[in-house]
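Have a look at the structure below, then the notes.
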Amino acid sequence: MIARVAMMAAVALTALLITTVMLPAFAIADWAPDLVALTVIAFAMSDGPETGARYGFAAGLLADLVSGGSLLLGQSALVLALVGYVVGLARPYLAGETMVSRAAAAGAAAAIVIAGHGLLGLLLEVGTVTFADLLKGMLIVGLYSAAVVPLVLRPVASLTSRFAGLPLPGPVSRRV
Amino acid sequence: MVERRRSRSLLAVLVLASLALLTLDYRDDGDGSVTALQRQAQAAFAPLQEAFAGVVQPVGGFFSAIGGLRTLREENAALETELQELRDARVSQADIERENAELRELLDMQARLGVATTGALVIAQPSGSFNWSVLIDAGADQGLLPGMAVVNGDGLVGKLVEVTAGNARVQLLTSPDAGYAVRVADTGEQGRLTGRGSEPFQLEVINQEAEVAAGAEIVTHAFAGTSILDGVPIGTVAEGTDPDQGSRYLSVRPYVDFGRLGFVQVVLDQRVYPEDLPLEERIPGPDLTVPSPAEGEEST
């Protein structure tokens with residue numbers, strides 16, 4: 001359990017570092033994929049709604065915390081927890097699908113993350129956004145994310161299955 | 001069924017926790033515990049970002065350069081045309097000397113008005129989709145304070161909004177939350193510039209009758225309460241006002257490429273213009289009250 005949580009924390013931290021430092025250089029029309037959101041989608045697809053929501057909340061909270069005040073605390077946590085849960089619910093329907101279909105679904109989910117951020121921003125009057133910008137962002141990030149998400153889905157699926165069978169530490173594992 | 005109910009309960013708890021945190025932060029006045037926590041977290045995370053940037057930015061820079069090849073080719077073609085025009089426009093020695101003298105005067109003026117700056121490297125952009133800000137590797141230890149202007153070789157980049165000991169966050173000019181007092185460089189028409197994310201800036205011209213030509217340069221205008229330098233280039237007007245119909249709102253194309261920010265300069269000692277004249281420094285005007293006839297008779 002501890003190893004699994006540590007693995008997820010390491011994935012979230014790495015994704016946040018890549019998103020904030022590296023991906024801005026690969027932006028198309030100022031829009032780049034959010035790797036933190038993509039790992040949430042990937043965990044939800046491989047492990048279901050509970051993991052998706054838990055990991056989404058924790059990773060979102062981390063992103064909000066280190067934003068230095070540019071995001072409200074809880075803003076990404078809310079959006080990513082909801083998206084993680086919904087994508088997790090769709091897992092049984094996506095399980096037998098091809099990578100292209102899963103990537104398309106992930107792209108759509110990434111676009112919904114953008115929409116969620118934009119609508120929350122409008123609601124809370126933080127980072128005001130125009131409707132045109134919102135649509136443009138959803139389109140670019142959705143397509144861009146669909147193109148790069150296979151690079152995230154496979155490693156996350158492999159990590160999930162590798163860490164899923166670990167025995168629990170402490171007395172419970174000894175009894176088993 | 002039980003599993004589904006459990007996952008729904010979990011989601012409800014997480015949503016409620018998020019909403020509670022959002023409410024706390026929303027009610028925070030900017031100096032509260034939530035903002036302080038975020039500042040501390042950013043200060044702790046920034047060294048990691050800086051170290052990571054040192055490793056990966058050369059790679060990012062390489063791909064970024066590939067992405068910018070088309071722009072570079074266009075710029076190259078434009079510069080070649082400009083060079084040819086300059087070669088064609090043979091100016092006389094006297095003209096060059098006069099121009100030289102004028103430029104020296106301008107340099108002297110710049111030295112008199114000169115401001116101290118400190119260099120910084122853009123190390124990260126916050127995650128999240130509508131964050132028109134960047135993190136730089138200089139902070140309060142280098143003398144940085146919130147509100148200071150940030151420029152690069154092309155013009156105004158933005159201003160500092162959050163400063164920690166070793167890092168600072170720059171609110172970019174593209175931010176829809178950013179508004180700047182500006183003027184048209186050649187006519188002096190004043191206006192207000194607002195960021196529109198990845199779209200060109202929006203310029204609201206104050207004088208509705210004013211005609212602004214396409215291509216006119218827009219520069220900053222020092223205004224009451226602002227800490228932004230006067231006359232810093234911002235961009236050019238994309239489409240001018242229609243002389244018949246006119247329009248207060250114009251699009252402005254920025255000089256700065258906000259997608260590829262590298263090194264920037266933070267202006268350290270710009271003056272902050274006062275909102276009003278200090279009361280103790282005001283000099284009273286002449287007394288213009290006319291003495292009443294009765295007073296006049298008494299005095300005579």
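All residue names refer to the structure tokens as shown: chains lettered A, B, ... in order, residues numbered from 1 in each chain, ligands numbered from 1 in order.
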Which residues, written as a tab-separated table (two decimals) with N, CA and C atoms, in the first residue's frame, have at least one atom at most 10 Å from region 145-161 of chain A, with only C-alpha atoms counted and residues fewer than 4 positions away on the same chain left out?
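Result file selection.tsv:
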chain	number	residue	atom	x	y	z
A	4	ARG	N	2.63	1.67	-3.22
A	4	ARG	CA	1.68	2.12	-4.27
A	4	ARG	C	1.46	3.64	-4.14
A	7	MET	N	4.54	5.39	-5.27
A	7	MET	CA	4.64	5.34	-6.73
A	7	MET	C	3.75	6.43	-7.34
A	8	MET	N	2.52	6.53	-6.83
A	8	MET	CA	1.59	7.53	-7.36
A	8	MET	C	2.08	8.95	-7.09
A	11	VAL	N	4.78	9.66	-9.56
A	11	VAL	CA	4.21	9.92	-10.90
A	11	VAL	C	3.64	11.33	-10.96
A	15	ALA	N	5.01	14.28	-13.31
A	15	ALA	CA	4.09	14.87	-14.29
A	15	ALA	C	4.00	16.38	-14.11
A	32	ALA	N	-0.63	23.59	-24.41
A	32	ALA	CA	0.12	22.34	-24.32
A	32	ALA	C	-0.68	21.36	-23.47
A	33	PRO	N	-0.44	20.06	-23.65
A	33	PRO	CA	-1.19	19.09	-22.83
A	33	PRO	C	-0.81	19.23	-21.35
A	34	ASP	N	-1.76	18.87	-20.49
A	34	ASP	CA	-1.51	18.89	-19.05
A	34	ASP	C	-1.22	17.44	-18.65
A	35	LEU	N	0.05	17.15	-18.41
A	35	LEU	CA	0.45	15.77	-18.12
A	35	LEU	C	-0.14	15.28	-16.81
A	37	ALA	N	-3.14	15.94	-15.70
A	37	ALA	CA	-4.49	15.48	-16.07
A	37	ALA	C	-4.43	14.15	-16.81
A	38	LEU	N	-3.41	14.00	-17.68
A	38	LEU	CA	-3.30	12.75	-18.45
A	38	LEU	C	-2.98	11.56	-17.54
A	39	THR	N	-2.18	11.79	-16.48
A	39	THR	CA	-1.91	10.67	-15.56
A	39	THR	C	-3.18	10.32	-14.77
A	40	VAL	N	-3.98	11.33	-14.45
A	40	VAL	CA	-5.26	11.06	-13.76
A	40	VAL	C	-6.14	10.18	-14.64
A	41	ILE	N	-6.24	10.56	-15.92
A	41	ILE	CA	-7.05	9.80	-16.88
A	41	ILE	C	-6.51	8.37	-17.01
A	42	ALA	N	-5.18	8.26	-17.07
A	42	ALA	CA	-4.55	6.95	-17.25
A	42	ALA	C	-4.79	6.06	-16.03
A	43	PHE	N	-4.66	6.61	-14.82
A	43	PHE	CA	-4.90	5.82	-13.61
A	43	PHE	C	-6.37	5.40	-13.53
A	44	ALA	N	-7.26	6.32	-13.91
A	44	ALA	CA	-8.69	6.01	-13.88
A	44	ALA	C	-9.02	4.90	-14.88
A	45	MET	N	-8.39	4.94	-16.06
A	45	MET	CA	-8.66	3.92	-17.08
A	45	MET	C	-8.13	2.55	-16.66
A	46	SER	N	-7.01	2.55	-15.91
A	46	SER	CA	-6.46	1.24	-15.57
A	46	SER	C	-6.93	0.72	-14.21
A	47	ASP	N	-7.44	1.61	-13.33
A	47	ASP	CA	-7.77	1.13	-12.00
A	47	ASP	C	-9.17	1.51	-11.50
A	99	MET	N	-6.25	1.02	-28.83
A	99	MET	CA	-5.52	2.17	-28.27
A	99	MET	C	-6.04	3.48	-28.86
A	100	VAL	N	-6.44	3.44	-30.15
A	100	VAL	CA	-6.95	4.67	-30.80
A	100	VAL	C	-8.21	5.15	-30.09
A	101	SER	N	-9.11	4.22	-29.79
A	101	SER	CA	-10.36	4.60	-29.12
A	101	SER	C	-10.07	5.13	-27.72
A	102	ARG	N	-9.14	4.45	-27.02
A	102	ARG	CA	-8.81	4.89	-25.66
A	102	ARG	C	-8.15	6.27	-25.69
A	103	ALA	N	-7.30	6.49	-26.72
A	103	ALA	CA	-6.64	7.80	-26.85
A	103	ALA	C	-7.67	8.88	-27.15
A	104	ALA	N	-8.66	8.54	-28.00
A	104	ALA	CA	-9.71	9.52	-28.33
A	104	ALA	C	-10.50	9.88	-27.07
A	105	ALA	N	-10.81	8.84	-26.26
A	105	ALA	CA	-11.55	9.08	-25.01
A	105	ALA	C	-10.72	9.94	-24.06
A	106	ALA	N	-9.42	9.65	-24.00
A	106	ALA	CA	-8.53	10.44	-23.13
A	106	ALA	C	-8.45	11.89	-23.61
A	107	GLY	N	-8.42	12.08	-24.94
A	107	GLY	CA	-8.38	13.43	-25.50
A	107	GLY	C	-9.64	14.20	-25.12
A	108	ALA	N	-10.79	13.50	-25.23
A	108	ALA	CA	-12.05	14.14	-24.86
A	108	ALA	C	-12.05	14.52	-23.37
A	109	ALA	N	-11.53	13.61	-22.54
A	109	ALA	CA	-11.47	13.89	-21.10
A	109	ALA	C	-10.54	15.08	-20.81
A	110	ALA	N	-9.43	15.15	-21.55
A	110	ALA	CA	-8.49	16.28	-21.36
A	110	ALA	C	-9.17	17.59	-21.75
A	111	ALA	N	-10.00	17.54	-22.81
A	111	ALA	CA	-10.73	18.74	-23.24
A	111	ALA	C	-11.74	19.14	-22.15
A	139	LEU	N	-10.11	22.37	-28.06
A	139	LEU	CA	-9.81	21.69	-29.33
A	139	LEU	C	-8.34	21.30	-29.40
A	140	ILE	N	-7.45	22.28	-29.14
A	140	ILE	CA	-6.01	22.01	-29.28
A	140	ILE	C	-5.56	20.98	-28.24
A	141	VAL	N	-5.94	21.20	-26.98
A	141	VAL	CA	-5.48	20.30	-25.92
A	141	VAL	C	-6.09	18.91	-26.09
A	165	GLY	N	-0.52	-5.98	-6.86
A	165	GLY	CA	-0.44	-7.25	-6.14
A	165	GLY	C	0.48	-7.22	-4.94
A	166	LEU	N	0.96	-6.05	-4.55
A	166	LEU	CA	1.88	-6.01	-3.41
A	166	LEU	C	1.17	-6.36	-2.11
What residues in chain A have any atom no more than 7 Å from chain B when counting only C-alpha atoms, and can you write them as a short mmCIF file (atom, residue, chain, number, x, y, z; two decimals) with N, CA and C atoms, in the first residue's frame?
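To be explicit, this is the file written out as part.cif:
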data_model
loop_
_atom_site.label_atom_id
_atom_site.label_comp_id
_atom_site.auth_asym_id
_atom_site.auth_seq_id
_atom_site.Cartn_x
_atom_site.Cartn_y
_atom_site.Cartn_z
N LEU A 17 6.30 18.36 -12.79
CA LEU A 17 7.58 18.97 -13.23
C LEU A 17 7.62 19.09 -14.75
N THR A 19 5.08 19.11 -16.83
CA THR A 19 4.04 20.05 -17.30
C THR A 19 4.47 21.50 -17.13
N THR A 20 5.08 21.81 -15.99
CA THR A 20 5.40 23.21 -15.72
C THR A 20 6.71 23.66 -16.36
N VAL A 21 7.65 22.73 -16.53
CA VAL A 21 8.97 23.14 -17.01
C VAL A 21 9.18 22.84 -18.49
N MET A 22 8.78 21.64 -18.91
CA MET A 22 9.17 21.19 -20.25
C MET A 22 8.10 21.44 -21.31
N PRO A 24 5.70 23.69 -21.79
CA PRO A 24 5.48 25.01 -22.42
C PRO A 24 6.29 25.22 -23.70
N ALA A 25 7.45 24.55 -23.80
CA ALA A 25 8.27 24.69 -25.01
C ALA A 25 7.65 23.96 -26.20
N PHE A 26 6.71 23.06 -25.94
CA PHE A 26 6.08 22.29 -27.02
C PHE A 26 4.66 22.79 -27.30
N ALA A 29 0.12 27.16 -30.41
CA ALA A 29 -0.74 28.35 -30.19
C ALA A 29 -0.96 28.58 -28.69
N ASP A 30 0.11 28.48 -27.93
CA ASP A 30 0.10 28.72 -26.48
C ASP A 30 -0.60 27.64 -25.65
N ASP A 34 -1.76 18.87 -20.49
CA ASP A 34 -1.51 18.89 -19.05
C ASP A 34 -1.22 17.44 -18.65
N PRO A 49 -12.85 4.08 -10.93
CA PRO A 49 -13.27 5.40 -10.46
C PRO A 49 -12.67 5.83 -9.11
N GLU A 50 -12.51 4.89 -8.20
CA GLU A 50 -11.99 5.28 -6.87
C GLU A 50 -10.56 5.79 -6.98
N ALA A 53 -10.53 9.15 -8.83
CA ALA A 53 -10.96 10.29 -8.01
C ALA A 53 -9.92 10.63 -6.94
N PHE A 57 -7.75 14.00 -7.04
CA PHE A 57 -7.83 14.97 -5.96
C PHE A 57 -6.42 15.32 -5.44
N ALA A 63 -0.90 20.39 -7.56
CA ALA A 63 -0.78 21.43 -8.60
C ALA A 63 -1.25 22.78 -8.07
N LEU A 65 -1.31 23.73 -4.93
CA LEU A 65 -0.40 24.19 -3.88
C LEU A 65 0.84 24.88 -4.45
N VAL A 66 1.44 24.27 -5.47
CA VAL A 66 2.71 24.82 -5.98
C VAL A 66 2.48 25.89 -7.05
N SER A 67 1.21 26.25 -7.28
CA SER A 67 0.94 27.28 -8.30
C SER A 67 1.27 28.67 -7.77
N GLY A 68 1.58 28.77 -6.49
CA GLY A 68 1.96 30.07 -5.91
C GLY A 68 0.83 31.07 -5.89
N GLY A 69 -0.40 30.58 -5.93
CA GLY A 69 -1.54 31.50 -5.84
C GLY A 69 -2.21 31.77 -7.16
N SER A 70 -1.65 31.26 -8.27
CA SER A 70 -2.30 31.52 -9.56
C SER A 70 -3.53 30.63 -9.73
N LEU A 72 -6.69 28.72 -7.42
CA LEU A 72 -7.28 28.63 -6.08
C LEU A 72 -7.04 27.23 -5.53
N LEU A 73 -6.77 27.13 -4.25
CA LEU A 73 -6.56 25.82 -3.63
C LEU A 73 -7.87 25.03 -3.73
N GLY A 74 -7.79 23.87 -4.37
CA GLY A 74 -8.99 23.05 -4.53
C GLY A 74 -9.55 23.11 -5.94
N GLN A 75 -9.06 24.06 -6.76
CA GLN A 75 -9.59 24.25 -8.11
C GLN A 75 -9.27 23.03 -9.00
N ALA A 77 -8.01 20.26 -7.89
CA ALA A 77 -8.39 19.06 -7.14
C ALA A 77 -9.83 18.68 -7.48
N LEU A 78 -10.72 19.66 -7.54
CA LEU A 78 -12.13 19.40 -7.84
C LEU A 78 -12.30 18.88 -9.27
N ILE A 114 -10.07 21.08 -19.46
CA ILE A 114 -9.93 22.49 -19.85
C ILE A 114 -11.25 23.24 -19.62
N HIS A 117 -11.80 23.80 -15.91
CA HIS A 117 -10.97 24.91 -15.40
C HIS A 117 -11.56 26.26 -15.83
N GLY A 127 -8.75 34.21 -13.36
CA GLY A 127 -8.20 33.92 -14.68
C GLY A 127 -9.26 33.99 -15.76
N THR A 128 -9.96 35.12 -15.83
CA THR A 128 -11.06 35.32 -16.78
C THR A 128 -10.68 34.81 -18.17
N VAL A 129 -11.62 34.14 -18.80
CA VAL A 129 -11.32 33.56 -20.10
C VAL A 129 -12.47 33.86 -21.06
#
> Any idea what the distance is between CA of Val232 (chain B) and CA of Thr220 (chain B)?
Replying inline: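 Calculated distance between CA of Val232 (chain B) and CA of Thr220 (chain B) is 5.2 Å.
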> Using the chain letters and numbers from this document, which residues of region 54-150 of chain A does DSSP assign to helix (DSSP H, G or I), as a ChimeraX atom specification?
Replying inline: /A:54-65,75-89,91-94,99-124,131-148,150
> If you count only C-alpha atoms, which residues fall within 8 Å of Arg183 (chain B), apart from same-chain ones fewer than 3 positions away, as a PyMOL selection string?
Replying inline: chain B and resi 188-191+218-221
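Here CA of Pro200 (chain B) is placed at a distance of 24.8 Å from CA of Ile112 (chain A).
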> Hey, can you check how far CA of Leu71 (chain A) sits from CA of Arg27 (chain B)?
Replying inline: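 These two atoms are separated by 13.7 Å.
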